[in-house]
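Source file: protein_12.cif. Holds: mmCIF, C-alpha atoms.
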data_my_file
loop_
_atom_site.label_atom_id
_atom_site.label_comp_id
_atom_site.auth_asym_id
_atom_site.auth_seq_id
_atom_site.Cartn_x
_atom_site.Cartn_y
_atom_site.Cartn_z
CA MET A 1 -23.52 -27.54 -124.42
CA GLU A 2 -22.94 -24.39 -126.45
CA ARG A 3 -26.13 -22.61 -127.45
CA ILE A 4 -27.04 -19.44 -129.27
CA PRO A 5 -29.31 -17.29 -127.06
CA ILE A 6 -32.78 -16.43 -128.35
CA LEU A 7 -34.17 -13.17 -126.99
CA LYS A 8 -37.84 -12.35 -126.88
CA MET A 9 -38.79 -8.76 -127.74
CA GLY A 10 -42.51 -8.25 -127.66
CA GLU A 11 -43.95 -10.36 -130.41
CA PHE A 12 -40.63 -11.05 -132.02
CA LEU A 13 -37.68 -13.30 -131.38
CA LEU A 14 -34.17 -11.93 -131.78
CA VAL A 15 -31.21 -14.17 -132.54
CA THR A 16 -27.72 -12.75 -132.78
CA ILE A 17 -25.10 -15.09 -134.11
CA GLN A 18 -21.75 -14.00 -132.73
CA VAL A 19 -19.70 -17.16 -132.97
CA ASP A 20 -18.56 -19.30 -135.85
CA MET A 21 -21.43 -21.53 -136.84
CA HIS A 22 -20.67 -25.19 -136.93
CA ASP A 23 -23.17 -27.78 -138.06
CA ARG A 24 -24.22 -29.02 -134.63
CA LEU A 25 -24.74 -25.45 -133.37
CA ALA A 26 -26.85 -24.68 -136.42
CA LEU A 27 -29.05 -27.71 -135.85
CA THR A 28 -29.45 -26.84 -132.16
CA LEU A 29 -30.46 -23.31 -133.10
CA GLN A 30 -33.00 -24.62 -135.57
CA ASP A 31 -34.59 -26.86 -132.92
CA ASP A 32 -34.53 -24.20 -130.19
CA LEU A 33 -36.00 -21.58 -132.46
CA THR A 34 -38.93 -23.64 -133.73
CA ASP A 35 -39.56 -24.68 -130.16
CA ARG A 36 -39.63 -21.06 -128.96
CA ILE A 37 -41.87 -19.91 -131.80
CA ALA A 38 -44.38 -22.61 -131.00
CA ARG A 39 -44.20 -21.88 -127.26
CA THR A 40 -44.41 -18.09 -127.35
CA GLY A 41 -46.52 -17.67 -130.46
CA ALA A 42 -44.02 -15.18 -131.86
CA ARG A 43 -45.01 -13.48 -135.10
CA GLY A 44 -41.54 -12.65 -136.31
CA VAL A 45 -37.95 -13.86 -136.11
CA LEU A 46 -35.00 -11.58 -136.64
CA ILE A 47 -31.62 -13.23 -137.21
CA ASP A 48 -28.65 -10.89 -137.00
CA ILE A 49 -25.66 -12.38 -138.80
CA SER A 50 -23.49 -9.24 -138.95
CA SER A 51 -20.68 -11.00 -137.04
CA LEU A 52 -20.83 -14.11 -139.18
CA GLU A 53 -17.85 -14.14 -141.51
CA ILE A 54 -17.77 -17.67 -142.82
CA VAL A 55 -20.67 -19.59 -144.31
CA ASP A 56 -20.94 -22.86 -146.15
CA SER A 57 -23.76 -24.48 -148.04
CA PHE A 58 -25.01 -26.15 -144.85
CA ILE A 59 -25.40 -22.88 -142.94
CA GLY A 60 -27.00 -21.29 -146.00
CA ARG A 61 -29.52 -24.10 -146.25
CA MET A 62 -30.15 -23.90 -142.53
CA LEU A 63 -31.12 -20.22 -142.85
CA ALA A 64 -33.56 -21.10 -145.63
CA ASN A 65 -34.94 -23.99 -143.54
CA ILE A 66 -35.47 -21.81 -140.47
CA ALA A 67 -37.38 -19.31 -142.60
CA ALA A 68 -39.55 -22.04 -144.10
CA MET A 69 -40.27 -23.64 -140.69
CA ALA A 70 -41.08 -20.26 -139.15
CA ARG A 71 -43.48 -19.51 -141.97
CA ILE A 72 -45.34 -22.74 -141.28
CA LEU A 73 -45.59 -21.65 -137.64
CA ASP A 74 -46.97 -18.29 -138.86
CA ALA A 75 -43.89 -16.18 -138.18
CA GLN A 76 -41.92 -14.01 -140.60
CA THR A 77 -38.16 -14.33 -140.77
CA VAL A 78 -35.81 -11.45 -141.49
CA VAL A 79 -32.06 -11.97 -141.87
CA VAL A 80 -30.11 -8.78 -141.22
CA GLY A 81 -26.58 -7.49 -141.53
CA MET A 82 -25.14 -9.99 -143.98
CA GLN A 83 -21.51 -9.22 -144.83
CA PRO A 84 -20.59 -8.68 -148.50
CA ALA A 85 -18.24 -11.69 -148.51
CA VAL A 86 -20.98 -13.90 -147.07
CA ALA A 87 -23.49 -12.65 -149.65
CA ILE A 88 -21.06 -13.33 -152.50
CA THR A 89 -20.32 -16.81 -151.15
CA LEU A 90 -23.99 -17.70 -150.88
CA VAL A 91 -24.68 -16.48 -154.42
CA GLU A 92 -21.71 -18.43 -155.77
CA LEU A 93 -23.01 -21.51 -153.95
CA GLY A 94 -26.31 -21.00 -155.76
CA LEU A 95 -28.22 -20.24 -152.55
CA SER A 96 -30.24 -17.10 -153.13
CA LEU A 97 -32.55 -17.76 -150.13
CA PRO A 98 -35.73 -16.93 -152.07
CA GLY A 99 -38.14 -17.17 -149.11
CA VAL A 100 -36.06 -15.11 -146.71
CA ARG A 101 -36.55 -11.39 -146.16
CA THR A 102 -33.42 -9.34 -145.66
CA ALA A 103 -32.51 -5.96 -144.20
CA LEU A 104 -29.33 -3.98 -143.72
CA ASP A 105 -29.43 -3.72 -139.93
CA VAL A 106 -31.48 -4.73 -136.90
CA GLU A 107 -33.43 -1.45 -136.85
CA ARG A 108 -34.63 -1.81 -140.42
CA GLY A 109 -35.28 -5.49 -139.88
CA MET A 110 -37.58 -4.63 -136.98
CA LEU A 111 -39.42 -2.07 -139.13
CA LEU A 112 -39.88 -4.73 -141.78
CA LEU A 113 -41.27 -7.21 -139.24
CA ARG A 114 -43.67 -4.65 -137.77
CA ALA A 115 -44.83 -3.68 -141.23
CA ALA A 116 -45.46 -7.32 -142.07
CA LEU A 117 -47.92 -7.75 -139.19
CA PRO A 118 -51.53 -7.53 -140.32
CA ALA A 119 -53.23 -4.19 -139.67
CA GLY A 120 -54.57 -3.75 -136.17
CA GLU A 121 -51.98 -6.05 -134.66
CA GLY A 122 -48.85 -4.85 -132.94
CA VAL A 123 -47.65 -1.30 -133.43
CA ALA A 124 -47.48 -1.30 -137.22
CA ALA A 125 -48.31 2.06 -138.70
CA ARG A 126 -50.94 1.91 -141.38
CA THR A 127 -48.86 3.75 -143.93
CA GLU A 128 -46.04 1.25 -143.63
CA VAL A 129 -48.43 -1.61 -144.27
CA GLN A 130 -49.79 0.12 -147.33
CA GLU A 131 -46.30 0.80 -148.59
CA VAL A 132 -45.28 -2.83 -148.25
CA GLU A 133 -48.50 -3.96 -149.92
CA ALA A 134 -47.85 -1.55 -152.77
CA VAL A 135 -44.31 -2.89 -153.17
CA GLU A 136 -45.53 -6.46 -153.13
CA ALA A 137 -48.25 -5.69 -155.67
CA ARG A 138 -45.65 -4.07 -157.93
CA ASP A 139 -43.31 -7.04 -157.56
CA ALA A 140 -46.19 -9.36 -158.41
CA ASP A 141 -46.94 -7.25 -161.50
CA ALA A 142 -43.29 -7.36 -162.52
CA ALA A 143 -43.18 -11.13 -162.03
CA GLY A 144 -46.45 -11.61 -163.93
CA MET B 145 27.22 -27.76 -176.83
CA THR B 146 30.76 -26.36 -176.76
CA GLY B 147 31.46 -23.23 -174.77
CA LEU B 148 33.15 -20.13 -176.10
CA SER B 149 36.08 -20.58 -173.72
CA THR B 150 37.27 -23.69 -175.65
CA THR B 151 37.46 -21.76 -178.94
CA ARG B 152 39.86 -19.07 -180.08
CA ILE B 153 37.31 -16.29 -179.58
CA PRO B 154 38.39 -15.18 -176.08
CA GLN B 155 41.99 -14.85 -177.26
CA ILE B 156 41.00 -12.84 -180.33
CA LEU B 157 38.82 -10.53 -178.28
CA GLU B 158 41.55 -10.15 -175.69
CA ARG B 159 44.11 -9.13 -178.28
CA ASP B 160 42.00 -7.29 -180.87
CA GLU B 161 39.07 -5.89 -178.88
CA ALA B 162 39.68 -2.35 -180.12
CA GLU B 163 39.94 -3.49 -183.74
CA VAL B 164 36.71 -5.56 -183.56
CA LEU B 165 34.93 -2.65 -181.90
CA GLU B 166 35.96 -0.24 -184.66
CA ARG B 167 34.81 -2.60 -187.40
CA TRP B 168 31.55 -3.30 -185.56
CA LEU B 169 30.82 0.43 -185.21
CA ARG B 170 31.57 1.02 -188.89
CA GLU B 171 29.24 -1.84 -189.74
CA GLN B 172 26.44 -0.45 -187.57
CA LEU B 173 26.74 3.13 -188.77
CA ALA B 174 26.71 2.01 -192.41
CA ALA B 175 23.77 -0.38 -192.00
CA THR B 176 20.41 0.69 -193.44
CA ALA B 177 18.76 -0.26 -190.16
CA HIS B 178 20.84 2.32 -188.28
CA ARG B 179 18.60 4.88 -186.60
CA SER B 180 20.71 8.04 -186.54
CA ASP B 181 17.56 9.94 -185.58
CA LEU B 182 17.24 8.07 -182.30
CA ILE B 183 20.78 7.49 -181.10
CA ALA B 184 23.97 9.58 -181.28
CA PRO B 185 27.23 7.93 -182.55
CA ALA B 186 28.93 8.61 -179.23
CA GLN B 187 26.20 6.82 -177.32
CA LEU B 188 26.26 3.92 -179.76
CA ARG B 189 30.01 3.64 -179.30
CA GLU B 190 29.64 3.60 -175.53
CA GLN B 191 26.97 0.88 -175.67
CA SER B 192 28.95 -1.22 -178.13
CA ARG B 193 32.12 -0.90 -176.08
CA GLU B 194 30.34 -1.88 -172.89
CA PHE B 195 28.65 -4.89 -174.50
CA LEU B 196 31.87 -6.09 -176.14
CA ALA B 197 33.77 -5.84 -172.85
CA LEU B 198 31.13 -7.84 -171.02
CA PHE B 199 30.93 -10.33 -173.89
CA ARG B 200 34.70 -10.87 -173.73
CA GLN B 201 34.66 -11.36 -169.95
CA ALA B 202 31.84 -13.90 -170.17
CA ALA B 203 33.37 -15.68 -173.17
CA THR B 204 36.57 -16.50 -171.27
CA ARG B 205 34.52 -18.29 -168.59
CA ASP B 206 31.74 -19.77 -170.76
CA THR B 207 31.89 -23.57 -170.76
CA ASP B 208 28.55 -24.71 -172.19
CA GLY B 209 27.24 -21.87 -174.40
CA ASP B 210 24.20 -21.38 -172.15
CA VAL B 211 23.43 -17.65 -171.87
CA ARG B 212 21.07 -18.32 -168.95
CA SER B 213 23.98 -19.46 -166.77
CA PRO B 214 25.44 -17.14 -164.09
CA VAL B 215 28.51 -16.58 -166.29
CA TRP B 216 26.39 -14.36 -168.55
CA SER B 217 24.43 -12.58 -165.80
CA ALA B 218 26.34 -9.28 -166.18
CA THR B 219 25.79 -9.35 -169.97
CA ARG B 220 22.12 -10.14 -169.50
CA GLY B 221 21.76 -7.30 -167.02
CA MET B 222 23.33 -4.86 -169.47
CA LEU B 223 21.01 -6.07 -172.26
CA GLU B 224 17.93 -5.65 -170.06
CA GLY B 225 18.83 -2.02 -169.47
CA LEU B 226 19.67 -1.52 -173.13
CA SER B 227 16.45 -3.12 -174.38
CA ALA B 228 14.33 -1.06 -171.98
CA ALA B 229 16.14 2.18 -172.89
CA ARG B 230 15.87 1.52 -176.63
CA GLY B 231 12.22 0.52 -176.29
CA THR B 232 11.50 3.88 -174.67
CA LEU B 233 13.44 5.68 -177.41
CA GLY B 234 11.24 4.07 -180.06
CA PHE B 235 13.45 1.28 -181.41
CA SER B 236 11.57 -1.74 -182.71
CA PRO B 237 12.47 -5.08 -181.08
CA SER B 238 14.10 -6.31 -184.31
CA GLU B 239 16.29 -3.19 -184.49
CA THR B 240 17.50 -3.85 -180.97
CA ALA B 241 18.17 -7.50 -181.80
CA THR B 242 20.03 -6.48 -184.98
CA PHE B 243 22.42 -4.47 -182.80
CA ILE B 244 23.55 -7.76 -181.24
CA PHE B 245 23.43 -9.82 -184.45
CA SER B 246 25.61 -7.29 -186.30
CA LEU B 247 28.54 -8.23 -184.05
CA LYS B 248 28.88 -11.46 -186.04
CA THR B 249 30.31 -9.89 -189.19
CA PRO B 250 33.36 -8.14 -187.63
CA LEU B 251 33.94 -11.03 -185.23
CA PHE B 252 33.88 -13.67 -187.97
CA GLU B 253 36.05 -11.53 -190.23
CA ARG B 254 38.65 -11.35 -187.51
CA LEU B 255 38.32 -15.09 -186.90
CA ARG B 256 38.97 -15.83 -190.55
CA GLU B 257 42.05 -13.62 -190.53
CA THR B 258 43.61 -15.28 -187.49
CA VAL B 259 42.48 -18.92 -187.42
CA ASP B 260 44.12 -21.20 -189.98
CA ASP B 261 42.60 -24.64 -189.43
CA ALA B 262 39.11 -25.09 -190.85
CA ARG B 263 37.95 -27.19 -187.94
CA GLY B 264 38.82 -24.59 -185.31
CA LEU B 265 37.18 -21.88 -187.43
CA ALA B 266 33.98 -23.82 -187.85
CA ASP B 267 33.82 -24.68 -184.14
CA ALA B 268 34.32 -21.07 -183.13
CA MET B 269 31.68 -19.84 -185.58
CA VAL B 270 29.09 -22.38 -184.46
CA ALA B 271 29.64 -21.57 -180.78
CA ALA B 272 29.67 -17.79 -181.34
CA THR B 273 26.54 -17.91 -183.55
CA ALA B 274 24.62 -19.83 -180.91
CA VAL B 275 25.56 -17.41 -178.14
CA ILE B 276 25.01 -14.22 -180.13
CA ASP B 277 21.64 -15.45 -181.43
CA ALA B 278 20.53 -16.31 -177.91
CA LEU B 279 21.58 -12.87 -176.65
CA GLY B 280 19.78 -11.14 -179.51
CA LEU B 281 16.60 -13.07 -178.82
CA TYR B 282 16.96 -12.24 -175.15
CA THR B 283 16.64 -8.51 -175.91
CA THR B 284 13.39 -9.25 -177.79
CA GLU B 285 12.13 -11.23 -174.85
CA VAL B 286 12.92 -8.41 -172.44
CA HIS B 287 11.20 -5.94 -174.75
CA GLN B 288 8.09 -8.09 -174.81
CA LYS B 289 8.12 -8.53 -171.05
CA ASN B 290 8.30 -4.76 -170.57
CA ARG B 291 5.35 -4.29 -172.90
CA GLU B 292 3.35 -6.90 -171.04
CA GLY B 293 4.13 -5.09 -167.80
CA VAL B 294 2.78 -1.86 -169.26
CA ILE B 295 -0.41 -3.59 -170.45
CA ALA B 296 -0.98 -5.25 -167.07
CA ARG B 297 -0.51 -1.95 -165.27
CA GLN B 298 -2.93 -0.15 -167.57
CA GLN B 299 -5.53 -2.87 -167.14
CA GLU B 300 -5.25 -2.52 -163.40
CA GLU B 301 -5.65 1.23 -163.62
CA MET B 302 -8.67 0.86 -165.88
CA LEU B 303 -10.23 -1.53 -163.42
CA GLU B 304 -9.85 1.00 -160.63
CA LEU B 305 -11.07 3.88 -162.76
CA SER B 306 -14.09 2.16 -164.16
CA THR B 307 -15.95 1.10 -161.04
CA PRO B 308 -17.14 4.20 -159.23
CA VAL B 309 -20.05 3.85 -156.83
CA VAL B 310 -21.76 7.21 -156.41
CA LYS B 311 -24.21 8.28 -153.75
CA LEU B 312 -27.25 9.92 -155.30
CA TRP B 313 -29.12 10.55 -152.11
CA ASP B 314 -29.17 9.34 -148.52
CA GLY B 315 -29.88 5.65 -148.96
CA ILE B 316 -29.54 5.57 -152.76
CA LEU B 317 -26.39 4.43 -154.54
CA ALA B 318 -25.74 4.44 -158.27
CA LEU B 319 -23.25 2.34 -160.18
CA PRO B 320 -22.67 3.67 -163.69
CA MET B 321 -20.99 0.82 -165.57
CA ILE B 322 -18.89 1.69 -168.59
CA GLY B 323 -17.14 -0.66 -170.98
CA THR B 324 -17.20 -4.37 -171.58
CA LEU B 325 -17.93 -6.50 -168.56
CA ASP B 326 -15.78 -9.57 -167.97
CA SER B 327 -15.56 -11.86 -164.97
CA ALA B 328 -12.69 -10.01 -163.28
CA ARG B 329 -14.37 -6.63 -163.65
CA THR B 330 -17.76 -7.85 -162.51
CA GLN B 331 -16.13 -9.34 -159.44
CA VAL B 332 -14.59 -5.96 -158.57
CA VAL B 333 -17.87 -4.19 -159.31
CA MET B 334 -19.78 -6.61 -157.09
CA GLU B 335 -17.37 -6.27 -154.20
CA THR B 336 -17.23 -2.47 -154.43
CA LEU B 337 -21.00 -2.16 -154.55
CA LEU B 338 -21.60 -4.49 -151.60
CA GLU B 339 -18.94 -2.79 -149.50
CA ARG B 340 -20.43 0.61 -150.22
CA ILE B 341 -23.88 -0.69 -149.27
CA VAL B 342 -22.49 -1.68 -145.87
CA GLU B 343 -20.63 1.63 -145.47
CA THR B 344 -23.52 3.90 -146.39
CA GLY B 345 -26.44 1.73 -145.27
CA ALA B 346 -28.11 2.34 -148.62
CA GLU B 347 -31.40 0.57 -149.24
CA VAL B 348 -31.53 1.02 -152.98
CA ALA B 349 -28.77 0.60 -155.56
CA ILE B 350 -29.19 1.57 -159.19
CA ILE B 351 -27.01 -0.26 -161.71
CA ASP B 352 -26.84 1.83 -164.85
CA ILE B 353 -25.67 -0.08 -167.93
CA THR B 354 -25.94 2.73 -170.48
CA GLY B 355 -22.19 2.47 -171.10
CA VAL B 356 -22.09 -1.28 -171.55
CA PRO B 357 -21.82 -2.02 -175.28
CA THR B 358 -23.08 -5.60 -175.27
CA VAL B 359 -24.91 -7.85 -172.88
CA ASP B 360 -24.49 -11.59 -173.33
CA THR B 361 -25.62 -14.46 -171.13
CA LEU B 362 -22.46 -14.27 -169.04
CA VAL B 363 -22.85 -10.55 -168.35
CA ALA B 364 -26.52 -11.03 -167.53
CA GLN B 365 -25.61 -13.83 -165.14
CA HIS B 366 -23.03 -11.61 -163.44
CA LEU B 367 -25.60 -8.85 -163.08
CA LEU B 368 -28.13 -11.26 -161.57
CA LYS B 369 -25.53 -12.53 -159.11
CA THR B 370 -24.72 -8.98 -158.01
CA ILE B 371 -28.40 -8.21 -157.56
CA THR B 372 -29.01 -11.39 -155.56
CA ALA B 373 -26.03 -10.69 -153.32
CA ALA B 374 -27.30 -7.15 -152.69
CA ARG B 375 -30.75 -8.51 -151.90
CA LEU B 376 -29.27 -10.96 -149.40
CA MET B 377 -27.74 -8.01 -147.61
CA GLY B 378 -31.04 -6.21 -147.54
CA ALA B 379 -30.70 -3.74 -150.40
CA ASP B 380 -32.82 -3.55 -153.55
CA CYS B 381 -31.27 -3.20 -156.99
CA ILE B 382 -32.71 -1.47 -160.02
CA ILE B 383 -31.19 -1.87 -163.48
CA SER B 384 -31.41 1.17 -165.71
CA GLY B 385 -30.13 2.33 -169.08
CA ILE B 386 -31.14 -0.70 -171.10
CA ARG B 387 -31.05 0.30 -174.76
CA PRO B 388 -33.64 -1.15 -177.19
CA GLN B 389 -31.07 -3.38 -178.93
CA ILE B 390 -29.92 -4.75 -175.58
CA ALA B 391 -33.50 -5.40 -174.51
CA ALA B 392 -33.97 -7.36 -177.75
CA THR B 393 -30.73 -9.30 -177.17
CA ILE B 394 -31.75 -10.19 -173.62
CA VAL B 395 -35.09 -11.54 -174.81
CA HIS B 396 -33.52 -13.47 -177.71
CA LEU B 397 -30.98 -15.04 -175.36
CA GLY B 398 -33.78 -16.15 -173.09
CA VAL B 399 -32.32 -14.44 -170.02
CA ASP B 400 -34.91 -14.19 -167.28
CA LEU B 401 -34.91 -10.72 -165.73
CA SER B 402 -38.45 -10.97 -164.40
CA GLN B 403 -37.25 -10.95 -160.79
CA VAL B 404 -35.39 -7.71 -161.38
CA ILE B 405 -36.78 -4.21 -161.55
CA THR B 406 -35.65 -2.59 -164.80
CA LYS B 407 -36.08 0.98 -165.96
CA ALA B 408 -35.26 2.61 -169.27
CA THR B 409 -33.35 5.59 -167.90
CA LEU B 410 -31.41 6.50 -164.78
CA ALA B 411 -33.97 9.25 -164.09
CA ASP B 412 -36.84 6.75 -163.97
CA ALA B 413 -34.84 4.47 -161.71
CA PHE B 414 -33.98 7.39 -159.42
CA ALA B 415 -37.63 8.41 -159.19
CA LEU B 416 -38.58 4.86 -158.21
CA ALA B 417 -35.73 4.70 -155.69
CA LEU B 418 -36.90 7.93 -154.05
CA LYS B 419 -40.41 6.53 -153.83
CA ARG B 420 -39.05 3.37 -152.22
CA ILE B 421 -37.43 5.29 -149.39
CA GLY B 422 -40.50 7.47 -148.99
CA LEU B 423 -39.35 10.66 -150.67
CA ALA B 424 -40.84 12.61 -153.54
CA VAL B 425 -39.54 15.28 -155.89
CA GLY B 426 -41.75 18.28 -156.62
CA ARG B 427 -41.79 22.02 -157.05
CA PRO B 428 -41.86 23.93 -153.77
CA ALA B 429 -45.32 25.35 -153.15
CA VAL B 430 -45.51 29.15 -153.56
CA ARG B 431 -46.20 30.70 -150.20
CA VAL B 432 -48.09 33.98 -150.34
CA GLY B 433 -46.13 36.86 -148.84
CA ALA B 434 -43.01 34.78 -148.18
CA GLY B 435 -41.15 36.15 -151.20
CA ALA B 436 -39.47 32.81 -151.82
CA ALA B 437 -40.48 32.64 -155.49
CA PRO B 438 -40.45 35.39 -158.13
CA ALA B 439 -44.23 35.11 -158.49
CA ALA B 440 -44.81 35.70 -154.77
CA PRO B 441 -44.65 39.56 -154.64
CA ALA B 442 -47.14 39.91 -157.48
CA ALA B 443 -49.49 37.42 -155.83
CA ALA B 444 -49.19 39.31 -152.57
CA ALA B 445 -49.93 42.62 -154.30
CA GLY B 446 -52.95 41.09 -156.00
CA ALA B 447 -54.32 39.88 -152.70
#
Exercise: express the given structure as C-alpha cells:
Amino acid sequence: MERIPILKMGEFLLVTIQVDMHDRLALTLQDDLTDRIARTGARGVLIDISSLEIVDSFIGRMLANIAAMARILDAQTVVVGMQPAVAITLVELGLSLPGVRTALDVERGMLLLRAALPAGEGVAARTEVQEVEAVEARDADAAG
Amino acid sequence: MTGLSTTRIPQILERDEAEVLERWLREQLAATAHRSDLIAPAQLREQSREFLALFRQAATRDTDGDVRSPVWSATRGMLEGLSAARGTLGFSPSETATFIFSLKTPLFERLRETVDDARGLADAMVAATAVIDALGLYTTEVHQKNREGVIARQQEEMLELSTPVVKLWDGILALPMIGTLDSARTQVVMETLLERIVETGAEVAIIDITGVPTVDTLVAQHLLKTITAARLMGADCIISGIRPQIAATIVHLGVDLSQVITKATLADAFALALKRIGLAVGRPAVRVGAGAAPAAPAAAAGA
C-alpha cells in the first residue's frame, strides 16, 4: 500500500508530502504519524507541503487533526511551505488552522521547532526562546 | 415584416442615387445639428456616398427588413467604422444617429414624387423607416460598446497599477493599498502578496491602508482573509495606517481585529517588523579616532 515516509531527525519527525493527497493516504499518514510520535517520543513534527497543489476540506481538517493529536502527545506541529493557492483555498473553505504553527520553508520550520523546546532541552539557543516568549506574550496582550 | 426589395425603393435608388445623395447632403449641411467644426464637407460627402451605395446594394437583396441578417453585413461594417471614427472626433451618439435618420427626408421626398399609388407609398415608407431606424440605433449601440471597451481596459490598467508589493528590507514586504477595495481587487491583492511572499521568503508583510477611503465589513473580511492566508504560509501580517475615523468605524461595525497586529503608522509597523526579524535601527556609535562622524576629530583632539 502507498505510504508517505516519515523521517526521524533527532527529536523531530519530518514528513514531506510529494504526491496528491487522497483521503485514504491522509488517514494512513495520520495513523502512522501518531504511532511514530508515541513510539519515538518525538517533540516536534514538521510537515512540508510545498509540493501539495490541491487541497480540499478533508485534507485541511486532517492537518488540523494531526496538529491536535500531536499536541496531546506533547509534540509541536509546524506546517511549512504552503503554496499561495492552497492558502487561499483553505481560507475560502473557512479553515484557518488556528492550532497549527506555520513557516515559509523547512529551515525556518526547524528553527521554530527548536525554539519551542523548553530551555535546557535540545539545541535551542536561549535568545530564541526568549524571543518566542516575548512574541507570545505580546500576542496574548493583543488578544486580551 | 416586408423587406425593402419588395418595395419601389431599390428601383428609385438605382435610378436616382445621385439626386438623393445631393438632396441628403443639402439637408445635412443645412441642419442645425451639423458639426462643421468636426467634419469637412468633402469627408461628409464621401461618407454619405459610401453609405448610400451600400444601402442600395443591401436594399435590392433585403427580404425581411432585418438589419442583423448577412445581407446588411457590409453596411453594418461601414457603420461600425463610422461610429468609432465619429466617436473619436467628438460627435455625440445622437449626432451620429441623426446622420442616418436624416436620409429619410430626401428618400421619402423622392418616393412621393415617383410612386403614385398610396398603398405602395405607405408600404415603402414603413419598410424604409424600420430599416433606417434600426441602422441609426446600431450606430448608438456600437458607440456604447466602444465606450464600454475603454472603461473595461482602464479598469484593468488600474487594477495592475494599484497593487504594488514593495520590499522594505530583507524579509519585510509592504503593501500600500490605495483606493476603494472591492472583491476583484482584494483577490488580486491577496494573490500578489502571497506570491511575493513565496518569491522573497519574507517573514513579515505590512498592509498599509492609509489610502483606503472607507472600511466596511466586507473590506475588513477581505483583509482578515488575506492575513489568515499569509499566516498559513508562515508569514506574519501587520496592518498600518488606520485613521481615527476608520478605527471608530471598525469598532462600531463590530469587526474583530483582535487577532491582528495593528499599528497607527507605517513607521511603527516597520519598527515592529524589524524587531520581529531581529534587527534594530539606531545611530552608529561614534568611534574615537576613526573619523567616521563629524564629531570624531574634535573628540580625538580632546583626548
Each chain B residue no farther than 12 Å from chain A, nearest pair in Å, only C-alpha atoms, as CSV:
residue,atom,partner,partner_atom,distance
B:Gly315,CA,A:Leu104,CA,11.0
B:Thr330,CA,A:Ile88,CA,11.9
B:Gln331,CA,A:Ile88,CA,9.4
B:Val332,CA,A:Ile88,CA,11.5
B:Val333,CA,A:Ile88,CA,11.8
B:Met334,CA,A:Ile88,CA,8.2
B:Glu335,CA,A:Pro84,CA,7.0
B:Thr336,CA,A:Pro84,CA,9.2
B:Leu337,CA,A:Pro84,CA,8.9
B:Leu338,CA,A:Pro84,CA,5.3
B:Glu339,CA,A:Pro84,CA,6.2
B:Arg340,CA,A:Pro84,CA,9.4
B:Ile341,CA,A:Leu104,CA,8.4
B:Val342,CA,A:Leu104,CA,7.5
B:Glu343,CA,A:Leu104,CA,10.5
B:Thr344,CA,A:Leu104,CA,10.1
B:Gly345,CA,A:Leu104,CA,6.6
B:Ala346,CA,A:Leu104,CA,8.1
B:Glu347,CA,A:Leu104,CA,7.4
B:Val348,CA,A:Leu104,CA,10.8
B:Gln365,CA,A:Val91,CA,11.1
B:His366,CA,A:Glu92,CA,10.3
B:Leu367,CA,A:Val91,CA,11.6
B:Leu368,CA,A:Val91,CA,9.5
B:Lys369,CA,A:Val91,CA,6.2
B:Thr370,CA,A:Ile88,CA,7.9
B:Ile371,CA,A:Val91,CA,9.6
B:Thr372,CA,A:Ser96,CA,6.3
B:Ala373,CA,A:Ala87,CA,4.9
B:Ala374,CA,A:Ala87,CA,7.3
B:Arg375,CA,A:Thr102,CA,6.8
B:Leu376,CA,A:Thr102,CA,5.8
B:Met377,CA,A:Met82,CA,4.9
B:Gly378,CA,A:Ala103,CA,3.7
B:Ala379,CA,A:Leu104,CA,6.8
B:Asp380,CA,A:Ala103,CA,9.7
B:Asp400,CA,A:Ala143,CA,10.3
B:Leu401,CA,A:Ala143,CA,9.1
B:Ser402,CA,A:Ala143,CA,5.3
B:Gln403,CA,A:Ala143,CA,6.1
B:Val404,CA,A:Ala142,CA,8.0
B:Ile405,CA,A:Ala142,CA,7.3
B:Thr406,CA,A:Ala142,CA,9.3
B:Lys407,CA,A:Ala142,CA,11.5
B:Leu416,CA,A:Val135,CA,10.9
B:Ala417,CA,A:Val135,CA,11.7
B:Lys419,CA,A:Glu131,CA,9.7
B:Arg420,CA,A:Val135,CA,8.2
B:Ile421,CA,A:Glu131,CA,10.0
B:Gly422,CA,A:Glu131,CA,8.8
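With the shown file loaded, the PyMOL selection byres ((chain B and resi 355) around 6) picks out B:Met321, B:Ile322, B:Gly323, B:Ile353, B:Thr354, B:Val356.
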Answer key for the PyMOL selection byres ((chain B and resi 149) around 7), residues as a list in words: Gly147, Leu148, Thr150, Thr151, Pro154, Ala203, Thr204, Arg205, Asp206 and Thr207 of chain B
Go ahead and save the residues from that selection, with C-alpha atoms, as an mmCIF file, in the frame of the given file.
data_model
loop_
_atom_site.group_PDB
_atom_site.id
_atom_site.type_symbol
_atom_site.label_atom_id
_atom_site.label_comp_id
_atom_site.auth_asym_id
_atom_site.auth_seq_id
_atom_site.Cartn_x
_atom_site.Cartn_y
_atom_site.Cartn_z
ATOM 1 C CA GLY B 147 31.460 -23.230 -174.770
ATOM 2 C CA LEU B 148 33.150 -20.130 -176.100
ATOM 3 C CA THR B 150 37.270 -23.690 -175.650
ATOM 4 C CA THR B 151 37.460 -21.760 -178.940
ATOM 5 C CA PRO B 154 38.390 -15.180 -176.080
ATOM 6 C CA ALA B 203 33.370 -15.680 -173.170
ATOM 7 C CA THR B 204 36.570 -16.500 -171.270
ATOM 8 C CA ARG B 205 34.520 -18.290 -168.590
ATOM 9 C CA ASP B 206 31.740 -19.770 -170.760
ATOM 10 C CA THR B 207 31.890 -23.570 -170.760
#
Given only C-alpha atoms as the counted atoms, nearest of A:Leu113, A:Ile66, A:Val55, A:Ala75 to Asp32 in chain A: A:Ile66
Atom pair CA of Val45 in chain A / CA of Leu112 in chain A: separation (Å):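 So the answer is 10.9 Å.
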Spatial neighbours of Val15 in chain A, 10 Å, all atoms listed in the file, chain gap at least 3 places, as an MDAnalysis selection string: chainID A and resid 4:8 12 18 29 33 45:49 79
Residues returned when the PyMOL selection byres ((chain B and resi 156) around 12) runs on this file, as a count of residues only: 30
Which residue of A:Leu52, A:Ile17, A:Leu27, A:Met110 approaches Gln76 in chain A most closely, using all atoms listed in the file: A:Met110
CA of Leu247 in chain B to CA of Ile276 in chain B, straight-line distance in Å: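 Distance reported for this atom pair: 8.0 Å.
Taking CA of Leu410 in chain B and CA of Leu317 in chain B as endpoints, the distance between them is 11.6 Å.
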